[in-house]
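> This structure is in structure tokens; I'll ask about it shortly.
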2 protein chains.
Amino acid sequence: MKKMLIVDDDAELRKNLAEILKADGYVTDDASTAGEAIEKARNDAFDVVLLDFMMPKMNGINALLELKKIQPKAKIIMITAFATVESAVDAIKKGASDYLSKPFKIDELLTTVRRVLEEARFEDGMKKLDFDNTLSSLASPIRRNILKLLFARDHMRLMEITRELGIEDHTKVVFHLKILKESGIIEQDMEKSYSLTREGMKTMDCLKTLENFLAK
Amino acid sequence: MKKMLIVDDDAELRKNLAEILKADGYVTDDASTAGEAIEKARNDAFDVVLLDFMMPKMNGINALLELKKIQPKAKIIMITAFATVESAVDAIKKGASDYLSKPFKIDELLTTVRRVLEEARFEDGMKKLDFDNTLSSLASPIRRNILKLLFARDHMRLMEITRELGIEDHTKVVFHLKILKESGIIEQDMEKSYSLTREGMKTMDCLKTLENFLAK
DNA sequence: CAATCGTGTGAATTATACTTCACAGAAATT
DNA sequence: AATTTCTGTGAAGTATAATTCACACGATTG
């Protein structure tokens, strides 16, 4: 059950949008001003916000930025009466997921909402996957030792790592290096040398924090 | 090859100790004053420091504290000519691993050194084990979801967790709860309610840091 | 140019982690 | 008092991860 927030100063439009969206299975709430919208966003989590670009008092872009600050996960669809390429591009750059230009058909609205939600689901899936990969990479002591080595020495090649760890079979190391590479924790340059990526560095920070804590 | 630092103002004793220890397979270095010892500790890692309690200029306890600050992992064995229970207890409290009272026999010295090193090995092993357990615990998405729930709700019982996660077979949850309990990340009170331990809280902090970073 | 070393692949095996199922005693409910 | 729900155990099976082995190919060295 996805939750939507409709923000528009036109009460008639709010009512119509709410009816259409409710009919399609969404839960809706609405706000007549940007201020009211922000207030509601502070108290309740929304999946999608339909935000009128042209409203009295606060302009659409500022409202967009403020809403994104409060709820980074919420997807925002801008609604604008005078569609111009520039304003649309600007809104997307500032974090809007899509935009609709008045007047729009019911189908247009629904397909846009569905697409945005679908994209959100996909994004979440991707992030969760990365996270899973990172953590399962850290689960193996061998891989952690490889990371420690790379952290200390900056970059090393296969046989250097293999010998340093005292492992006989180099293909074992190849196996673990591949996993670390696929998780984006390490990378390899043209000279076949392995090193930590930016994310790998951050991961090591985290690891060290945890290690220090557990070592009391 | 374990590295020892001998700190004593008596040159004769330093020479004797170094010979005995070298004969037993250790690498040694020495210092005649506390200041010199601290200087050497800054540039080189030692496994064990033999530290005379009674020295001119700096007293033994201060030297002990300073050395521990520079190299927390180094094990320190205090040497004292006038053994008293109080000074020994004090030294142990301040971080010394053991103490020897002059005069001591060669065997006494060697067994003390060996025991201290053995204890150190054991400690390290324990810590590494905890760390392994913690990270392999975090590798499973189910377990991370359990942790998130416990983080949000403080404490929950088996069936609450099971239903909240939408899992049909409760024994599956039992399995994962057991792993989390064994890693010391969660604990259970007499009412059978599960909650995060102190380490579990810290672990969640780490996890959130990493998650935020990976979510860019 | 032959031999050695470094860097890997892919298949087969082994080990470990995870899930499922059958069951059982304690606690709560009817 | 009987029934249902909760909390678990232990064995069996399944899935996934890790290791080992046989081999290949380019680079370097003698």
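Chain lettering (A, B, ...) mirrors the order of the structure tokens, residue numbering begins at 1 for each chain separately, and ligand numbering begins at 1 in order of display.
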I need the chain D residues near chain B as a list in words; criterion: at most 12 Å, counting only C-alpha atoms (C1' of nucleotides).

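So the residues of chain D near chain B are DT5, DC6, DT7, DG8, DT9 and DG10 of chain D.
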
> Pull C-alpha atoms (C1' of nucleotides) from the residues just selected and write them as a CSV table (one decimal), in the first residue's frame.


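New file result-v7.csv:
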```csv
chain,number,residue,atom,x,y,z
D,5,DT,C1',0.0,-21.0,21.0
D,6,DC,C1',4.8,-20.2,22.0
D,7,DT,C1',9.5,-21.6,22.2
D,8,DG,C1',12.5,-24.5,21.1
D,9,DT,C1',15.6,-29.2,19.7
D,10,DG,C1',17.7,-32.4,16.5
```

> How would you write, as JSON, numbers by chain, the set of residues in range 76-202 of chain A that DSSP gives as helix (DSSP H, G or I)?

{"A": [85, 86, 87, 88, 89, 90, 91, 92, 93, 106, 107, 108, 109, 110, 111, 112, 113, 114, 115, 116, 117, 118, 119, 120, 121, 122, 123, 124, 125, 126, 127, 128, 129, 130, 131, 132, 133, 134, 135, 136, 137, 138, 141, 142, 143, 144, 145, 146, 147, 148, 149, 150, 151, 152, 153, 158, 159, 160, 161, 162, 163, 164, 170, 171, 172, 173, 174, 175, 176, 177, 178, 179, 180, 181, 182, 198, 199, 200, 201, 202]}

> Would you write out, as a Markdown table, a table of all residues in chain C that have an atom no more than 8 Å from an atom of chain A, listing for each the closest atom pair and the distance in Å to one decimal, considering only C-alpha atoms (C1' of nucleotides) and ordering rows by chain and rising residue number?


```
| residue | atom | partner | partner_atom | distance |
| --- | --- | --- | --- | --- |
| C:DG6 | C1' | A:Met159 | CA | 7.2 |
| C:DT7 | C1' | A:Leu158 | CA | 7.5 |
| C:DG8 | C1' | A:Val174 | CA | 7.7 |
```

> Specify as a ChimeraX atom specification all residues of chain A found within 6 Å of chain B, counting only C-alpha atoms.

/A:135-136,139,206

> What does the file look like for those residues with C-alpha atoms, as a PDB file, in the first residue's frame?


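The resulting file, again_6.pdb, is reproduced below:
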```pdb
ATOM      1  CA  LEU A 135      28.990  -7.744   3.966  1.00  0.00           C
ATOM      2  CA  SER A 136      29.311 -11.257   2.676  1.00  0.00           C
ATOM      3  CA  ALA A 139      32.519 -12.461   6.343  1.00  0.00           C
ATOM      4  CA  CYS A 206      34.025   0.769   9.323  1.00  0.00           C
TER       5      CYS A 206
END
```

> In Å, how far is it from CA of Asp47 in chain A to CA of Lys75 in chain A?

6.1 Å

> Can you tell me which residues surround range 26-32 of chain B at a distance of at most 12 Å, considering only C-alpha atoms (C1' of nucleotides), apart from same-chain residues fewer than 3 positions away, and format the answer as a PDB file with C-alpha atoms, in the first residue's frame?


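Contents of selection.pdb, freshly written:
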```pdb
ATOM      1  CA  MET B   1      60.451 -14.590  16.383  1.00  0.00           C
ATOM      2  CA  LYS B   2      59.337 -12.547  19.396  1.00  0.00           C
ATOM      3  CA  LYS B   3      60.948  -9.231  20.155  1.00  0.00           C
ATOM      4  CA  MET B   4      61.825  -8.158  23.687  1.00  0.00           C
ATOM      5  CA  LEU B   5      62.946  -4.872  25.183  1.00  0.00           C
ATOM      6  CA  ILE B   6      65.038  -4.997  28.353  1.00  0.00           C
ATOM      7  CA  VAL B   7      64.927  -1.844  30.454  1.00  0.00           C
ATOM      8  CA  ASP B   8      67.272  -1.623  33.414  1.00  0.00           C
ATOM      9  CA  ASP B   9      69.954   0.807  34.603  1.00  0.00           C
ATOM     10  CA  ASP B  10      72.268  -2.061  35.517  1.00  0.00           C
ATOM     11  CA  ALA B  11      74.393  -2.763  32.404  1.00  0.00           C
ATOM     12  CA  GLU B  12      75.553  -6.105  33.762  1.00  0.00           C
ATOM     13  CA  LEU B  13      71.990  -7.344  34.276  1.00  0.00           C
ATOM     14  CA  ARG B  14      70.961  -6.153  30.801  1.00  0.00           C
ATOM     15  CA  LYS B  15      73.785  -8.162  29.268  1.00  0.00           C
ATOM     16  CA  ASN B  16      72.888 -11.288  31.238  1.00  0.00           C
ATOM     17  CA  LEU B  17      69.197 -11.077  30.447  1.00  0.00           C
ATOM     18  CA  ALA B  18      69.901 -10.506  26.756  1.00  0.00           C
ATOM     19  CA  GLU B  19      72.094 -13.597  26.611  1.00  0.00           C
ATOM     20  CA  ILE B  20      69.547 -15.801  28.329  1.00  0.00           C
ATOM     21  CA  LEU B  21      66.719 -14.608  26.136  1.00  0.00           C
ATOM     22  CA  LYS B  22      68.708 -14.826  22.911  1.00  0.00           C
ATOM     23  CA  ALA B  23      69.665 -18.389  23.816  1.00  0.00           C
ATOM     24  CA  GLY B  35      63.357   7.719  28.477  1.00  0.00           C
ATOM     25  CA  GLU B  36      65.474   5.600  26.169  1.00  0.00           C
ATOM     26  CA  ALA B  37      62.939   2.768  26.397  1.00  0.00           C
ATOM     27  CA  ILE B  38      60.106   5.081  25.401  1.00  0.00           C
ATOM     28  CA  GLU B  39      62.176   6.373  22.508  1.00  0.00           C
ATOM     29  CA  LYS B  40      62.798   2.836  21.243  1.00  0.00           C
ATOM     30  CA  ALA B  41      59.146   1.900  21.706  1.00  0.00           C
ATOM     31  CA  ASP B  44      59.931  -0.363  16.995  1.00  0.00           C
ATOM     32  CA  ALA B  45      57.229  -2.823  18.034  1.00  0.00           C
ATOM     33  CA  PHE B  46      57.992  -5.146  20.945  1.00  0.00           C
ATOM     34  CA  ASP B  47      56.092  -8.179  22.092  1.00  0.00           C
ATOM     35  CA  VAL B  48      57.395  -8.068  25.634  1.00  0.00           C
ATOM     36  CA  VAL B  49      59.079  -5.364  27.717  1.00  0.00           C
ATOM     37  CA  LEU B  50      61.079  -6.332  30.824  1.00  0.00           C
ATOM     38  CA  LEU B  51      60.890  -3.182  32.895  1.00  0.00           C
ATOM     39  CA  ASP B  52      62.805  -2.461  36.070  1.00  0.00           C
ATOM     40  CA  MET B  54      63.261   1.007  40.446  1.00  0.00           C
ATOM     41  CA  MET B  55      65.144   3.349  38.192  1.00  0.00           C
ATOM     42  CA  PRO B  56      66.578   6.830  38.568  1.00  0.00           C
ATOM     43  CA  LYS B  57      64.698   9.785  37.058  1.00  0.00           C
ATOM     44  CA  MET B  58      61.390   8.165  36.132  1.00  0.00           C
ATOM     45  CA  LEU B 110      61.794 -17.958  30.912  1.00  0.00           C
ATOM     46  CA  VAL B 113      57.980 -14.841  29.544  1.00  0.00           C
ATOM     47  CA  ARG B 114      56.491 -17.912  27.931  1.00  0.00           C
ATOM     48  CA  LEU B 117      53.284 -14.726  25.439  1.00  0.00           C
TER      49      LEU B 117
END
```

> In Å, how far is it from CA of Arg121 in chain A to CA of Asp98 in chain A?

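Straight-line distance from CA of Arg121 in chain A to CA of Asp98 in chain A works out to 15.3 Å.
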
> Can you work out the spacing between CA of Glu66 in chain A and CA of Thr80 in chain A in Å, to one decimal?

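Here the two named atoms are 18.1 Å from each other.
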
> Might you pull out every residue within 6 Å of range 99-104 of chain A, with only C-alpha atoms (C1' of nucleotides) counted and same-chain residues fewer than 2 positions away left off, and present them as a list in words?

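Residues near the query, excluding close chain neighbours: Ile77, Met78, Ile79, Thr80, Ala81 and Ala83 of chain A.
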
> Smallest atom-to-atom distance to DC21 in chain D: which of A:Leu109, A:Ala34, A:Lys172, A:Ile70, using only C-alpha atoms (C1' of nucleotides)?

A:Lys172
